[in-house]
>>> print(open('start_29.pdb').read())   # PDB, C-alpha atoms (C1' of nucleotides)
ATOM      1  CA  MET A   1      28.013   9.826  12.144
ATOM      2  CA  PHE A   2      27.071   6.288  13.100
ATOM      3  CA  VAL A   3      23.681   4.799  12.399
ATOM      4  CA  GLU A   4      22.423   2.615  15.163
ATOM      5  CA  VAL A   5      20.864  -0.581  13.895
ATOM      6  CA  LYS A   6      18.169  -1.511  16.348
ATOM      7  CA  TYR A   7      17.003  -4.770  14.836
ATOM      8  CA  LYS A   8      18.931  -7.368  12.934
ATOM      9  CA  THR A   9      16.078  -9.069  11.148
ATOM     10  CA  MET A  10      13.964  -7.644   8.393
ATOM     11  CA  LEU A  11      10.385  -6.592   8.561
ATOM     12  CA  TYR A  12       8.003  -9.097   7.181
ATOM     13  CA  SER A  13       6.743  -8.420   3.752
ATOM     14  CA  SER A  14       3.491  -7.054   4.928
ATOM     15  CA  GLU A  15       1.130  -9.333   3.066
ATOM     16  CA  LEU A  16       1.404 -11.877   5.860
ATOM     17  CA  ILE A  17       0.378  -9.411   8.503
ATOM     18  CA  LYS A  18      -2.868  -8.726   6.694
ATOM     19  CA  GLY A  19      -5.780 -10.122   8.571
ATOM     20  CA  THR A  20      -3.961 -10.285  11.884
ATOM     21  CA  LEU A  21      -4.323  -6.668  12.997
ATOM     22  CA  ARG A  22      -7.581  -7.074  14.877
ATOM     23  CA  THR A  23      -6.346 -10.208  16.574
ATOM     24  CA  ILE A  24      -3.202  -8.430  17.737
ATOM     25  CA  ILE A  25      -5.142  -5.443  19.052
ATOM     26  CA  LEU A  26      -7.615  -7.603  20.949
ATOM     27  CA  LYS A  27      -4.887  -9.733  22.474
ATOM     28  CA  LEU A  28      -2.826  -6.782  23.688
ATOM     29  CA  LEU A  29      -5.819  -4.986  25.114
ATOM     30  CA  CYS A  30      -6.963  -8.118  26.934
ATOM     31  CA  ASP A  31      -3.547  -8.395  28.569
ATOM     32  CA  GLN A  32      -2.924  -4.731  29.315
ATOM     33  CA  GLN A  33      -6.428  -3.587  30.251
ATOM     34  CA  LYS A  34      -6.028  -0.251  28.479
ATOM     35  CA  MET A  35      -3.727   1.152  25.811
ATOM     36  CA  TYR A  36      -3.605   4.061  23.382
ATOM     37  CA  GLY A  37      -2.886   3.805  19.680
ATOM     38  CA  TYR A  38       0.687   4.930  19.641
ATOM     39  CA  GLU A  39       1.433   2.681  22.597
ATOM     40  CA  ILE A  40       0.096  -0.292  20.642
ATOM     41  CA  THR A  41       2.453   0.377  17.740
ATOM     42  CA  GLN A  42       5.432   0.625  20.075
ATOM     43  CA  THR A  43       4.507  -2.426  22.106
ATOM     44  CA  VAL A  44       4.108  -4.567  19.009
ATOM     45  CA  LYS A  45       7.406  -3.280  17.674
ATOM     46  CA  ASP A  46       9.149  -4.156  20.930
ATOM     47  CA  LEU A  47       7.523  -7.537  21.453
ATOM     48  CA  THR A  48       8.372  -8.578  17.889
ATOM     49  CA  LYS A  49      11.854  -7.040  17.925
ATOM     50  CA  GLY A  50      10.916  -4.753  15.070
ATOM     51  CA  ARG A  51       9.583  -7.498  12.866
ATOM     52  CA  ILE A  52       6.058  -6.198  12.915
ATOM     53  CA  GLN A  53       5.639  -2.463  12.659
ATOM     54  CA  LEU A  54       2.030  -1.393  12.549
ATOM     55  CA  THR A  55       1.367   1.651  10.440
ATOM     56  CA  GLU A  56      -0.798   4.378  11.850
ATOM     57  CA  GLY A  57      -2.766   4.556   8.640
ATOM     58  CA  ALA A  58      -3.903   1.004   9.267
ATOM     59  CA  LEU A  59      -4.171   1.140  13.040
ATOM     60  CA  TYR A  60      -6.316   4.182  13.711
ATOM     61  CA  PRO A  61      -9.090   3.402  11.231
ATOM     62  CA  THR A  62      -9.197  -0.157  12.569
ATOM     63  CA  LEU A  63      -9.475   1.049  16.169
ATOM     64  CA  HIS A  64     -12.308   3.361  15.149
ATOM     65  CA  ALA A  65     -14.093   0.531  13.366
ATOM     66  CA  MET A  66     -13.708  -1.815  16.310
ATOM     67  CA  GLU A  67     -15.096   0.843  18.618
ATOM     68  CA  SER A  68     -18.131   1.411  16.421
ATOM     69  CA  GLU A  69     -18.660  -2.353  16.318
ATOM     70  CA  GLY A  70     -18.795  -2.403  20.088
ATOM     71  CA  LEU A  71     -15.612  -4.392  20.583
ATOM     72  CA  LEU A  72     -13.700  -1.528  22.161
ATOM     73  CA  THR A  73     -14.517   1.395  24.419
ATOM     74  CA  THR A  74     -12.561   4.626  24.756
ATOM     75  CA  GLU A  75     -11.642   7.267  27.276
ATOM     76  CA  VAL A  76      -9.670  10.396  26.548
ATOM     77  CA  GLU A  77      -6.903  11.597  28.805
ATOM     78  CA  TYR A  78      -4.764  14.708  28.734
ATOM     79  CA  ILE A  79      -1.035  14.583  29.268
ATOM     80  CA  GLY A  80      -0.295  18.276  29.581
ATOM     81  CA  LYS A  81      -1.929  19.606  26.436
ATOM     82  CA  ARG A  82      -1.490  16.383  24.533
ATOM     83  CA  VAL A  83      -4.465  14.117  23.929
ATOM     84  CA  ARG A  84      -4.366  10.412  24.565
ATOM     85  CA  LYS A  85      -7.202   8.125  23.622
ATOM     86  CA  TYR A  86      -7.211   4.952  25.631
ATOM     87  CA  TYR A  87      -8.893   1.838  24.316
ATOM     88  CA  SER A  88     -10.267  -1.040  26.369
ATOM     89  CA  VAL A  89     -12.014  -4.254  25.338
ATOM     90  CA  SER A  90     -15.724  -4.533  25.986
ATOM     91  CA  LYS A  91     -17.387  -7.757  27.067
ATOM     92  CA  GLN A  92     -18.086  -8.492  23.413
ATOM     93  CA  GLY A  93     -14.497  -7.658  22.646
ATOM     94  CA  LYS A  94     -13.277 -10.236  25.121
ATOM     95  CA  ALA A  95     -15.430 -12.919  23.558
ATOM     96  CA  LYS A  96     -14.206 -11.894  20.121
ATOM     97  CA  ALA A  97     -10.616 -11.993  21.306
ATOM     98  CA  GLY A  98     -11.028 -15.589  22.405
ATOM     99  CA  GLU A  99     -12.490 -16.583  19.056
ATOM    100  CA  LYS A 100      -9.855 -14.743  17.059
ATOM    101  CA  ILE A 101      -6.905 -16.098  18.977
ATOM    102  CA  ASN A 102      -8.239 -19.605  18.793
ATOM    103  CA  GLU A 103      -8.878 -19.302  15.110
ATOM    104  CA  PHE A 104      -5.386 -17.999  14.541
ATOM    105  CA  ALA A 105      -3.843 -20.834  16.524
ATOM    106  CA  GLU A 106      -5.740 -23.392  14.477
ATOM    107  CA  PHE A 107      -4.820 -21.622  11.294
ATOM    108  CA  MET A 108      -1.153 -21.776  12.229
ATOM    109  CA  GLU A 109      -1.383 -25.472  12.935
ATOM    110  CA  THR A 110      -3.115 -26.089   9.629
ATOM    111  CA  MET A 111      -0.468 -24.119   7.775
ATOM    112  CA  ARG A 112       2.256 -25.951   9.651
ATOM    113  CA  VAL A 113       0.899 -29.225   8.346
ATOM    114  CA  LEU A 114       0.265 -27.892   4.847
ATOM    115  CA  LEU A 115       3.717 -26.374   4.493
ATOM    116  CA  ASN A 116       5.295 -29.259   6.356
ATOM    117  CA  LEU A 117       7.103 -26.951   8.736
ATOM    118  CA  ASP A 118       9.126 -28.164  11.649
ATOM    119  CA  LEU A 119       8.692 -25.412  14.171
ATOM    120  CA  GLY A 120      10.670 -27.290  16.764
ATOM    121  CA  THR A 121      13.871 -26.331  15.030
ATOM    122  CA  LEU A 122      12.893 -22.742  14.495
ATOM    123  CA  LYS A 123      14.460 -20.200  16.777
ATOM    124  CA  VAL A 124      13.665 -16.585  16.360
ATOM    125  CA  GLN A 125      16.539 -14.732  17.892
TER     126      GLN A 125
ATOM    127  CA  MET B   1     -32.367 -36.762   2.138
ATOM    128  CA  PHE B   2     -29.294 -36.784   4.323
ATOM    129  CA  VAL B   3     -26.554 -34.265   3.923
ATOM    130  CA  GLU B   4     -23.125 -35.688   4.321
ATOM    131  CA  VAL B   5     -20.903 -33.567   6.482
ATOM    132  CA  LYS B   6     -17.429 -34.014   5.190
ATOM    133  CA  TYR B   7     -15.552 -31.816   7.598
ATOM    134  CA  LYS B   8     -16.297 -31.071  11.216
ATOM    135  CA  THR B   9     -14.419 -27.830  11.540
ATOM    136  CA  MET B  10     -15.283 -24.550   9.941
ATOM    137  CA  LEU B  11     -13.486 -22.782   7.195
ATOM    138  CA  TYR B  12     -11.193 -20.089   8.387
ATOM    139  CA  SER B  13     -12.536 -16.613   8.072
ATOM    140  CA  SER B  14     -10.640 -15.892   4.965
ATOM    141  CA  GLU B  15      -8.724 -12.840   6.070
ATOM    142  CA  LEU B  16      -6.031 -15.037   7.582
ATOM    143  CA  ILE B  17      -5.422 -16.871   4.355
ATOM    144  CA  LYS B  18      -4.676 -13.626   2.590
ATOM    145  CA  GLY B  19      -1.067 -13.354   1.732
ATOM    146  CA  THR B  20      -0.411 -17.085   1.951
ATOM    147  CA  LEU B  21      -1.684 -18.136  -1.471
ATOM    148  CA  ARG B  22       1.616 -17.836  -3.304
ATOM    149  CA  THR B  23       3.455 -19.628  -0.547
ATOM    150  CA  ILE B  24       0.992 -22.514  -0.666
ATOM    151  CA  ILE B  25       1.197 -22.785  -4.445
ATOM    152  CA  LEU B  26       4.985 -22.776  -4.457
ATOM    153  CA  LYS B  27       5.209 -25.351  -1.694
ATOM    154  CA  LEU B  28       2.806 -27.777  -3.359
ATOM    155  CA  LEU B  29       4.446 -27.444  -6.747
ATOM    156  CA  CYS B  30       7.877 -28.005  -5.250
ATOM    157  CA  ASP B  31       6.656 -31.239  -3.683
ATOM    158  CA  GLN B  32       4.522 -32.524  -6.544
ATOM    159  CA  GLN B  33       6.615 -31.484  -9.549
ATOM    160  CA  LYS B  34       3.554 -30.529 -11.577
ATOM    161  CA  MET B  35      -0.078 -29.763 -10.853
ATOM    162  CA  TYR B  36      -3.042 -28.089 -12.525
ATOM    163  CA  GLY B  37      -5.216 -25.420 -10.994
ATOM    164  CA  TYR B  38      -8.204 -27.465 -10.041
ATOM    165  CA  GLU B  39      -5.925 -30.117  -8.590
ATOM    166  CA  ILE B  40      -4.329 -27.502  -6.355
ATOM    167  CA  THR B  41      -7.689 -26.477  -4.917
ATOM    168  CA  GLN B  42      -8.607 -30.111  -4.193
ATOM    169  CA  THR B  43      -5.229 -30.990  -2.713
ATOM    170  CA  VAL B  44      -5.299 -28.017  -0.357
ATOM    171  CA  LYS B  45      -8.849 -28.881   0.643
ATOM    172  CA  ASP B  46      -7.852 -32.455   1.409
ATOM    173  CA  LEU B  47      -4.593 -31.674   3.179
ATOM    174  CA  THR B  48      -6.324 -29.126   5.403
ATOM    175  CA  LYS B  49      -9.452 -31.235   5.944
ATOM    176  CA  GLY B  50     -11.593 -28.590   4.316
ATOM    177  CA  ARG B  51     -10.278 -25.777   6.466
ATOM    178  CA  ILE B  52      -8.692 -23.949   3.562
ATOM    179  CA  GLN B  53     -10.677 -23.823   0.355
ATOM    180  CA  LEU B  54      -9.013 -21.812  -2.343
ATOM    181  CA  THR B  55     -11.378 -19.957  -4.613
ATOM    182  CA  GLU B  56     -10.830 -20.185  -8.341
ATOM    183  CA  GLY B  57     -11.271 -16.450  -8.707
ATOM    184  CA  ALA B  58      -8.194 -15.987  -6.572
ATOM    185  CA  LEU B  59      -6.192 -18.966  -7.774
ATOM    186  CA  TYR B  60      -6.224 -18.629 -11.551
ATOM    187  CA  PRO B  61      -5.217 -14.968 -11.710
ATOM    188  CA  THR B  62      -2.449 -15.665  -9.210
ATOM    189  CA  LEU B  63      -1.147 -18.590 -11.255
ATOM    190  CA  HIS B  64      -1.142 -16.389 -14.354
ATOM    191  CA  ALA B  65       0.715 -13.660 -12.514
ATOM    192  CA  MET B  66       3.297 -16.091 -11.161
ATOM    193  CA  GLU B  67       3.838 -17.461 -14.637
ATOM    194  CA  SER B  68       4.379 -14.023 -16.110
ATOM    195  CA  GLU B  69       6.819 -13.288 -13.290
ATOM    196  CA  GLY B  70       8.838 -16.330 -14.281
ATOM    197  CA  LEU B  71       8.162 -18.315 -11.128
ATOM    198  CA  LEU B  72       6.067 -20.947 -12.877
ATOM    199  CA  THR B  73       6.066 -22.636 -16.284
ATOM    200  CA  THR B  74       3.118 -24.298 -17.976
ATOM    201  CA  GLU B  75       2.279 -27.125 -20.310
ATOM    202  CA  VAL B  76      -1.164 -27.905 -21.660
ATOM    203  CA  GLU B  77      -2.520 -31.427 -21.786
ATOM    204  CA  TYR B  78      -5.748 -32.836 -23.186
ATOM    205  CA  ILE B  79      -7.813 -35.342 -21.251
ATOM    206  CA  GLY B  80     -10.291 -36.304 -23.932
ATOM    207  CA  LYS B  81     -11.556 -32.929 -25.069
ATOM    208  CA  ARG B  82     -10.918 -31.269 -21.737
ATOM    209  CA  VAL B  83      -7.987 -28.957 -21.302
ATOM    210  CA  ARG B  84      -5.615 -29.221 -18.406
ATOM    211  CA  LYS B  85      -2.938 -26.650 -17.752
ATOM    212  CA  TYR B  86      -0.087 -28.017 -15.701
ATOM    213  CA  TYR B  87       2.125 -25.715 -13.702
ATOM    214  CA  SER B  88       5.685 -26.375 -12.583
ATOM    215  CA  VAL B  89       8.129 -24.267 -10.585
ATOM    216  CA  SER B  90      11.018 -22.696 -12.445
ATOM    217  CA  LYS B  91      14.475 -22.353 -10.949
ATOM    218  CA  GLN B  92      13.512 -18.874  -9.784
ATOM    219  CA  GLY B  93      10.327 -20.340  -8.417
ATOM    220  CA  LYS B  94      12.262 -22.795  -6.287
ATOM    221  CA  ALA B  95      14.391 -20.051  -4.823
ATOM    222  CA  LYS B  96      11.280 -18.001  -4.141
ATOM    223  CA  ALA B  97       9.610 -20.972  -2.500
ATOM    224  CA  GLY B  98      12.464 -21.288  -0.050
ATOM    225  CA  GLU B  99      12.292 -17.622   0.845
ATOM    226  CA  LYS B 100       8.538 -17.618   1.222
ATOM    227  CA  ILE B 101       8.354 -20.709   3.372
ATOM    228  CA  ASN B 102      11.118 -19.461   5.597
ATOM    229  CA  GLU B 103       9.490 -16.098   5.949
ATOM    230  CA  PHE B 104       6.211 -17.706   6.829
ATOM    231  CA  ALA B 105       7.817 -19.917   9.462
ATOM    232  CA  GLU B 106       9.456 -16.914  11.089
ATOM    233  CA  PHE B 107       6.223 -14.983  10.928
ATOM    234  CA  MET B 108       4.417 -17.798  12.689
ATOM    235  CA  GLU B 109       7.016 -17.895  15.425
ATOM    236  CA  THR B 110       6.785 -14.141  15.889
ATOM    237  CA  MET B 111       3.016 -14.318  16.110
ATOM    238  CA  ARG B 112       3.247 -17.215  18.521
ATOM    239  CA  VAL B 113       5.303 -15.060  20.853
ATOM    240  CA  LEU B 114       3.155 -11.988  20.345
ATOM    241  CA  LEU B 115      -0.118 -13.791  20.976
ATOM    242  CA  ASN B 116       1.469 -15.924  23.664
ATOM    243  CA  LEU B 117       0.216 -19.133  22.081
ATOM    244  CA  ASP B 118       1.134 -22.533  23.374
ATOM    245  CA  LEU B 119       1.169 -24.628  20.248
ATOM    246  CA  GLY B 120       2.305 -27.681  22.119
ATOM    247  CA  THR B 121      -1.180 -28.195  23.474
ATOM    248  CA  LEU B 122      -2.861 -27.538  20.168
ATOM    249  CA  LYS B 123      -4.137 -30.551  18.331
ATOM    250  CA  VAL B 124      -5.927 -30.156  15.064
ATOM    251  CA  GLN B 125      -8.128 -33.193  14.703
TER     252      GLN B 125
ATOM    253  C1'  DA C   1     -32.661 -35.320 -18.017
ATOM    254  C1'  DA C   2     -30.879 -33.225 -14.302
ATOM    255  C1'  DA C   3     -27.481 -32.639 -11.106
ATOM    256  C1'  DC C   4     -22.887 -32.761  -9.890
ATOM    257  C1'  DA C   5     -17.959 -32.790 -10.620
ATOM    258  C1'  DT C   6     -14.231 -31.450 -13.483
ATOM    259  C1'  DA C   7     -11.653 -27.635 -15.610
ATOM    260  C1'  DC C   8     -10.723 -23.444 -17.422
ATOM    261  C1'  DA C   9     -11.433 -18.200 -17.268
ATOM    262  C1'  DT C  10     -12.671 -13.101 -16.319
ATOM    263  C1'  DA C  11     -14.530  -8.887 -14.071
ATOM    264  C1'  DA C  12     -16.874  -5.956 -10.674
ATOM    265  C1'  DA C  13     -16.949  -5.159  -5.971
ATOM    266  C1'  DA C  14     -15.239  -5.424  -1.366
ATOM    267  C1'  DC C  15     -11.789  -5.316   1.838
ATOM    268  C1'  DT C  16      -7.448  -4.220   3.993
ATOM    269  C1'  DC C  17      -3.295  -2.017   4.050
ATOM    270  C1'  DT C  18       0.381   1.359   2.370
ATOM    271  C1'  DT C  19       1.773   5.665   1.282
ATOM    272  C1'  DA C  20       1.454  10.241   1.886
ATOM    273  C1'  DG C  21      -0.132  13.878   3.844
ATOM    274  C1'  DG C  22      -1.843  16.984   7.880
ATOM    275  C1'  DT C  23      -1.907  18.970  12.846
ATOM    276  C1'  DA C  24       0.145  19.702  17.248
ATOM    277  C1'  DT C  25       2.968  19.152  21.700
ATOM    278  C1'  DC C  26       7.295  18.246  24.052
ATOM    279  C1'  DA C  27      12.310  17.106  24.597
ATOM    280  C1'  DA C  28      16.880  17.058  23.081
ATOM    281  C1'  DA C  29      20.532  18.411  20.247
ATOM    282  C1'  DT C  30      22.868  21.877  17.302
TER     283       DT C  30
ATOM    284  C1'  DA D   1      17.130  29.799  19.098
ATOM    285  C1'  DT D   2      15.840  26.459  16.043
ATOM    286  C1'  DT D   3      15.859  22.293  14.034
ATOM    287  C1'  DT D   4      15.320  17.489  14.631
ATOM    288  C1'  DG D   5      13.132  13.654  16.597
ATOM    289  C1'  DA D   6       9.752  11.535  19.398
ATOM    290  C1'  DT D   7       5.034  11.516  20.905
ATOM    291  C1'  DA D   8       0.147  11.518  19.546
ATOM    292  C1'  DC D   9      -3.773  11.988  16.964
ATOM    293  C1'  DC D  10      -6.084  11.832  12.208
ATOM    294  C1'  DT D  11      -7.705  11.184   7.015
ATOM    295  C1'  DA D  12      -7.658  10.031   2.069
ATOM    296  C1'  DA D  13      -5.962   8.346  -2.409
ATOM    297  C1'  DG D  14      -4.087   4.473  -4.295
ATOM    298  C1'  DA D  15      -2.430  -0.277  -4.437
ATOM    299  C1'  DG D  16      -2.987  -5.010  -3.868
ATOM    300  C1'  DT D  17      -5.466  -9.257  -2.913
ATOM    301  C1'  DT D  18      -9.567 -11.808  -2.451
ATOM    302  C1'  DT D  19     -14.619 -12.635  -2.858
ATOM    303  C1'  DT D  20     -18.570 -12.986  -5.416
ATOM    304  C1'  DA D  21     -20.648 -13.624  -9.540
ATOM    305  C1'  DT D  22     -20.640 -15.070 -13.928
ATOM    306  C1'  DG D  23     -19.440 -17.646 -18.180
ATOM    307  C1'  DT D  24     -18.066 -21.747 -21.023
ATOM    308  C1'  DA D  25     -17.671 -26.632 -21.730
ATOM    309  C1'  DT D  26     -16.979 -31.724 -20.918
ATOM    310  C1'  DG D  27     -17.674 -35.920 -18.298
ATOM    311  C1'  DT D  28     -20.070 -38.719 -14.758
ATOM    312  C1'  DT D  29     -23.657 -40.088 -11.720
ATOM    313  C1'  DT D  30     -28.507 -40.306 -10.316
TER     314       DT D  30
END
>>> encode(input="start_29.pdb", output="C-alpha cells")
Amino acid sequence: MFVEVKYKTMLYSSELIKGTLRTIILKLLCDQQKMYGYEITQTVKDLTKGRIQLTEGALYPTLHAMESEGLLTTEVEYIGKRVRKYYSVSKQGKAKAGEKINEFAEFMETMRVLLNLDLGTLKVQ
Amino acid sequence: MFVEVKYKTMLYSSELIKGTLRTIILKLLCDQQKMYGYEITQTVKDLTKGRIQLTEGALYPTLHAMESEGLLTTEVEYIGKRVRKYYSVSKQGKAKAGEKINEFAEFMETMRVLLNLDLGTLKVQ
DNA sequence: AAACATACATAAAACTCTTAGGTATCAAAT
DNA sequence: ATTTGATACCTAAGAGTTTTATGTATGTTT
C-alpha cells in the first residue's frame, strides 16, 4: 500500500533532450564496448537518477538508423529464448562520437555564456 | 574580392539548439527589458560569436505563440516608415523564465555527468 | 542601379520525439 | 494458477519544433 518514490527530481521536459539522443548512445557505447537497447534505457535512467528516461519509440528507430548509416554494428544473442541485440560502435562511429561530444561541450559553454549561468554553484543531488 | 570571415567556429548543427529557443528569448528579454525580433537574432549571433544563428522562420512564430500564451507583451513602434514590434516579458513570462533557465542549468549538469565532460578545461575562444 | 541590411511575416517540408500499440519470455507475488 | 511486473524487441500515427523557401517593403552602401 506504499508507493516507493525512486527519484526525487522531475524528468526534464523532453524538448531539451531532443537532439542529444545520438550523442548519448555513441558515448555510452564507446565506454561500454557493447550494449543492447533496453540496457541503454536503464543505464541512462540510472546515471541520470531518473532525470532522463529514453523512450523505446525514440531509441529503437534511432539505433536502426545509426546502424544503417554505418555508425553502429550489431550482433544478436539469445538469453534462453529471449533475443538480445547488441550494438557496438564502428570505426566511423567512434569518430562521430568524438565530434558529437565535442560539439555538445562547446554548445553547453556557449549556452552558459548566453544564459549567464554560474555552473559552479549548481549541484545536482 | 576578399571574403571577410567574421567567425572562426562553425555553427552548431542545429539539432542541439532545438528546445532552447524559448529559454533564450525569455532570458534576453528579462535582461534587456524590451527587444524586437530582428534585434534578438542579432544579439544572439553577437553574444555567441556566430555560433547560434536563430532563423526568422523559427523566431517569429515562436514570439507570436509566446505572446498568445501571455508570456510576452508587444508594442509597435515606427522608425520612419518601418515597423518595429517590441516584445517584453509579462509577469508570467518572468516566472517562466526562472523555471526555464533553472531547468536548463540542471539539464546541462546532468548531461555533463552523463557524457563525463570536463568543462573546466573547455575554453570557447 | 544593384546589392546588402533591416524588419516583418507565412507556409510547406523535414525532422525528431511521444504516445500508443503489438509480441513474447521470465520471475515474483497473489 | 494467474496476474502483475520486468525484460526485450518492434512499428506507426500524431504532435511539436525547426528549416527552407518565399514574400513584402524600407533604408543604406557601393
>>> atom_distance(input="start_29.pdb", atom1="atom CA of A:Thr110", atom2="atom CA of B:Leu114")
18.8 Å
>>> resolve_selection(input="start_29.pdb", expression="the PyMOL selection byres ((chain C and resi 6-8) around 12)", output="ChimeraX atom specification")
/B:36-42,56-57,59-61,76-79,81-86 /C:4-5,9-10 /D:23-28
>>> closest_atom_pairs(input="start_29.pdb", of="chain A", to="chain B", cutoff="6 Å", atoms="only C-alpha atoms", output="tab-separated table")
residue	atom	partner	partner_atom	distance
A:Glu15	CA	B:Gly19	CA	4.8
A:Leu16	CA	B:Gly19	CA	5.0
A:Gly19	CA	B:Glu15	CA	4.7
>>> write_last_selection(input="start_29.pdb", atoms="C-alpha atoms", output="CSV table (one decimal), in the frame of the given file")
chain,number,residue,atom,x,y,z
A,15,GLU,CA,1.1,-9.3,3.1
A,16,LEU,CA,1.4,-11.9,5.9
A,19,GLY,CA,-5.8,-10.1,8.6
>>> interface_residues(input="start_29.pdb", of="chain C", to="chain A", cutoff="8 Å", atoms="only C-alpha atoms (C1' of nucleotides)", output="JSON, numbers by chain")
{"C": [16, 17, 18, 25]}
>>> atom_distance(input="start_29.pdb", atom1="atom CA of A:Leu72", atom2="atom CA of A:Leu29")
9.1 Å
>>> atom_distance(input="start_29.pdb", atom1="atom C1' of C:DA2", atom2="atom C1' of D:DT19")
28.6 Å
>>> resolve_selection(input="start_29.pdb", expression="the PyMOL selection byres ((chain D) within 12 of (chain A))", output="list in words")
DA6, DT7, DA8, DC9, DC10, DT11, DA12, DG16, DT17 and DT18 of chain D
>>> axis_aligned_box(input="start_29.pdb", around="stretch 8-18 of chain D", padding_each_side="8 Å", output="JSON")
{"center_x": -4.7, "center_y": 0.1, "center_z": 7.6, "size_x": 25.7, "size_y": 39.8, "size_z": 40.0}
>>> residues_around(input="start_29.pdb", residues="stretch 1-3 of chain D", least_positions_apart="4", cutoff="12 Å", atoms="only C-alpha atoms (C1' of nucleotides)", output="JSON, numbers by chain")
{"C": [28, 29, 30]}
>>> resolve_selection(input="start_29.pdb", expression="the PyMOL selection byres ((chain A and resi 90) around 10)", output="PyMOL selection string")
chain A and resi 29-30+67+70-74+87-89+91-96
